[in-house]
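Structure data follow from entry-v1.txt (compact mmCIF, C-alpha atoms):
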```txt
# COMPACT_ATOMS: atom_id res chain seq x y z
CA GLU H 1 9.41 17.61 -12.54
CA GLY H 2 8.92 14.63 -10.25
CA GLY H 3 8.43 11.06 -11.31
CA GLY H 4 6.50 8.21 -9.81
CA LEU H 5 6.64 4.52 -9.03
CA LEU H 6 3.78 2.04 -9.03
CA ILE H 7 4.74 -1.28 -7.44
CA GLY H 8 2.80 -4.39 -6.55
CA ALA H 9 4.20 -7.25 -4.49
CA GLN H 10 3.35 -9.61 -1.65
CA ALA H 11 5.77 -10.62 1.05
CA TRP H 12 3.83 -13.37 2.83
CA TYR H 13 4.66 -15.99 0.18
CA TRP H 14 8.32 -14.95 0.03
CA SER H 15 8.61 -15.24 3.82
CA TYR H 16 7.82 -19.00 3.70
CA SER H 17 11.09 -19.81 1.96
CA HIS H 18 13.19 -16.97 3.41
CA LYS H 19 13.46 -17.01 7.18
CA GLU H 20 15.44 -13.78 7.48
CA ASN H 21 13.84 -10.54 8.63
CA ASN H 22 11.07 -9.79 6.13
CA LEU H 23 11.18 -6.02 6.58
CA GLN H 24 14.88 -5.93 5.70
CA GLY H 25 15.18 -8.93 3.39
CA PHE H 26 12.14 -8.83 1.10
CA PRO H 27 13.31 -7.43 -2.27
CA GLY H 28 10.26 -5.18 -2.65
CA ASN H 29 11.05 -3.53 0.67
CA LYS H 30 14.50 -2.61 -0.57
CA ILE H 31 12.74 -0.46 -3.16
CA THR H 32 9.87 0.97 -1.09
CA SER H 33 11.43 1.35 2.37
CA PRO H 34 13.15 4.70 1.68
CA SER H 35 9.66 6.15 1.21
CA GLY H 36 8.42 4.72 4.53
CA VAL H 37 6.34 1.85 3.11
CA TYR H 38 7.01 -1.84 3.88
CA PHE H 39 5.34 -5.06 2.74
CA THR H 40 4.79 -7.31 5.77
CA GLU H 41 4.64 -11.11 5.93
CA HIS H 42 1.04 -10.91 7.21
CA TYR H 43 -1.88 -11.89 5.01
CA GLY H 44 -4.13 -9.06 3.95
CA GLU H 45 -7.89 -9.30 4.04
CA LYS H 46 -9.60 -10.25 0.77
CA GLY H 47 -12.86 -8.71 -0.38
CA THR H 48 -14.38 -5.63 -1.96
CA PHE H 49 -13.92 -2.47 0.07
CA SER H 50 -15.64 0.89 -0.32
CA MET H 51 -13.48 3.93 -0.84
CA SER H 52 -14.03 6.72 1.65
CA LYS H 53 -14.16 10.31 0.43
CA ILE H 54 -12.11 11.13 3.54
CA MET H 55 -8.59 9.75 3.83
CA PRO H 56 -8.33 6.82 6.28
CA TRP H 57 -6.90 7.77 9.65
CA SER H 58 -3.29 6.90 10.29
CA PRO H 59 -1.61 7.13 13.70
CA ILE H 60 1.65 8.25 12.08
CA ILE H 61 0.43 11.28 10.18
CA GLU H 62 0.33 14.26 12.49
CA GLU H 63 1.98 17.26 10.89
CA PHE H 64 1.22 16.74 7.19
CA THR H 65 -2.12 16.67 5.44
CA PHE H 66 -2.51 14.43 2.42
CA ASP H 67 -6.22 14.99 1.78
CA LYS H 68 -5.65 16.58 -1.64
CA ASP H 69 -3.26 13.79 -2.67
CA TYR H 70 -5.67 11.14 -1.42
CA ARG H 71 -8.57 12.67 -3.37
CA SER H 72 -6.50 12.79 -6.58
CA LEU H 73 -5.57 9.10 -6.22
CA ILE H 74 -9.14 7.91 -5.63
CA CYS H 75 -10.84 10.20 -8.16
CA GLY H 76 -13.40 8.04 -9.96
CA VAL H 77 -12.77 5.00 -7.73
CA ASP H 78 -15.75 3.84 -5.66
CA PHE H 79 -14.34 0.57 -4.36
CA LEU H 80 -11.25 -1.63 -4.30
CA ASP H 81 -11.71 -5.23 -5.40
CA PHE H 82 -9.25 -7.45 -3.52
CA SER H 83 -11.13 -10.65 -4.32
CA GLY H 84 -10.01 -13.53 -6.52
CA ASP H 85 -7.04 -15.89 -6.32
CA ALA H 86 -4.41 -13.35 -5.27
CA VAL H 87 -3.80 -13.00 -1.52
CA PRO H 88 -2.57 -9.55 -0.51
CA SER H 89 -0.04 -8.69 2.16
CA ASP H 90 -0.60 -6.04 4.82
CA LEU H 91 1.41 -2.82 4.48
CA LEU H 92 3.35 -1.13 7.24
CA LEU H 93 3.40 2.65 6.78
CA HIS H 94 5.94 4.34 9.00
CA GLY H 95 7.28 7.29 7.06
CA ALA H 96 6.20 10.85 7.78
CA LEU H 97 5.34 11.24 4.09
CA SER H 98 3.44 7.95 3.69
CA PHE H 99 -0.32 7.60 3.88
CA PRO H 100 -3.01 4.91 3.52
CA VAL H 101 -5.16 4.88 0.40
CA GLY H 102 -7.06 1.55 0.62
CA ILE H 103 -8.05 0.05 3.95
CA SER H 104 -9.82 -3.27 4.51
CA ASP H 105 -12.78 -3.72 6.84
CA LYS H 106 -10.27 -4.97 9.45
CA ASN H 107 -8.19 -1.77 9.06
CA GLN H 108 -5.38 -3.45 7.15
CA CYS H 109 -3.62 -1.17 4.68
CA LEU H 110 -3.83 -2.84 1.26
CA LEU H 111 -2.97 0.21 -0.86
CA GLY H 112 -0.62 2.95 0.25
CA ALA H 113 1.23 5.95 -1.10
CA ALA H 114 4.13 8.16 -0.14
CA TYR H 115 6.11 11.11 -1.31
CA TYR H 116 9.70 10.39 -2.19
CA GLY H 117 11.94 13.07 -3.61
CA LYS H 118 9.85 15.06 -6.07
CA GLY H 119 7.60 12.14 -6.94
CA ARG H 120 5.14 9.72 -5.42
CA VAL H 121 5.24 6.01 -4.72
CA VAL H 122 1.99 4.01 -4.91
CA VAL H 123 2.08 0.51 -3.45
CA VAL H 124 -0.47 -2.29 -3.90
CA THR H 125 -0.09 -5.44 -1.83
CA HIS H 126 -0.15 -8.03 -4.60
CA GLU H 127 1.06 -7.57 -8.16
CA GLY H 128 -1.97 -9.52 -9.42
CA TYR H 129 -4.25 -6.62 -8.54
CA LEU H 130 -2.42 -4.37 -11.00
CA PHE H 131 -3.82 -6.45 -13.87
CA LYS H 132 -7.45 -6.76 -12.77
CA PRO H 133 -9.77 -5.26 -15.40
CA GLU H 134 -11.95 -3.47 -12.85
```

Whole structure, structure tokens version:
Amino acid sequence: EGGGLLIGAQAWYWSYSHKENNLQGFPGNKITSPSGVYFTEHYGEKGTFSMSKIMPWSPIIEEFTFDKDYRSLICGVDFLDFSGDAVPSDLLLHGALSFPVGISDKNQCLLGAAYYGKGRVVVVTHEGYLFKPE
């Protein structure tokens, strides 16, 4: 019934050559912003981060529970490997139907998800991480 979108991008590099407002101007944000997820111009933390069995806390989520969705997305995933040459961006989650999936040790959101229409959007903060063999 519903579809889905998996997107990877980083806005920090784009922001060096484009001085306009990153949240409004970055092409990836034009796709993800209706779901309440934005790529920021801030660097994300690199490293290997353990996945919690409990969804990371988000100050935005109050009335909806995404625990079941979170568990389905992380099923079989013990850690997120954000090491290597790629430098992630930090995500800004502001939509009522958006939630964090992968959080760094410094509480930066590096992997997020949201409901949009009848589907889900999953966002990773650098397209290079979509192709890692892990």

(message) So that I can check the surroundings of segment 2-19 of chain H, please list as a list in words every protein, DNA and RNA residue that reaches within 7 Å of it, counting only C-alpha atoms and ignoring chain neighbours fewer than 4 positions away.
(response)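 Near segment 2-19 of chain H, the qualifying residues are Phe26, Gly28, Phe39, Thr40, Glu41, His42, Tyr43, Pro88, Ser89, Lys118, Gly119, Arg120, Val121, Val122, Val123, Val124, Thr125, His126, Glu127 and Leu130 of chain H.
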
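Shortest atom-to-atom contact with Leu73 of chain H among H:Pro133, H:Gly112, H:Gly95, H:Gly44: H:Gly112, counting only C-alpha atoms.
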
Would you give the centre and edge lengths, in Å to one decimal, of a box along x, y and z around the listed atoms of segment 33-47 of chain H, with 8 Å added to each side, as AutoDock Vina command-line options?
```
--center_x 0.1 --center_y -2.9 --center_z 3.4 --size_x 42.0 --size_y 34.0 --size_z 23.6
```

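Reported to one decimal place, the separation of atom CA of Glu45 of chain H from atom CA of Lys106 of chain H is 7.3 Å.
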
(message) Which residue is closest to Phe66 of chain H? Choose from H:Leu111, H:Leu91, H:Ile54, H:Ala86 and count only C-alpha atoms.
(response)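 Selected residue with least distance to Phe66 of chain H: H:Ile54.
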
(message) Just checking: using all atoms listed in the file, which residue out of H:Cys109, H:Val101, H:Ile31, H:Val37 ends up closest to Cys75 of chain H?
(response) H:Val101

(message) Need the shell around Met51 of chain H: protein/DNA/RNA residues with any atom at most 8 Å away, counting only C-alpha atoms. Skip same-chain ones fewer than 2 positions apart. Format as number ranges by chain?
(response) H: 49, 53, 74, 77-80, 102

(message) Between H:Met55, H:Leu97, H:Val87, H:Leu92, which residue has the minimum interatomic distance to Asn22 of chain H, considering all atoms listed in the file?
(response)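 Residue with the minimum atom-to-atom distance to Asn22 of chain H: H:Leu92.
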
(message) I'd like the interatomic distance between atom CA of Ala114 of chain H and atom CA of His94 of chain H, to a tenth of an Å.
(response)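 Interatomic distance, atom CA of Ala114 of chain H to atom CA of His94 of chain H: 10.1 Å.
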
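In this model, the gap between atom CA of Lys132 of chain H and atom CA of Asp67 of chain H comes to 26.2 Å.
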
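Considering the residues H:Asp81, H:Ala96, H:Asn29, H:Ser52 and counting all atoms listed in the file, Phe64 of chain H has its shortest atom-to-atom contact with H:Ala96.
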
(request) Pick out the closest residue to Asn107 of chain H from this set: H:Gly76, H:Pro34, H:Gly47, H:Pro56. Count all atoms listed in the file. (result) H:Pro56
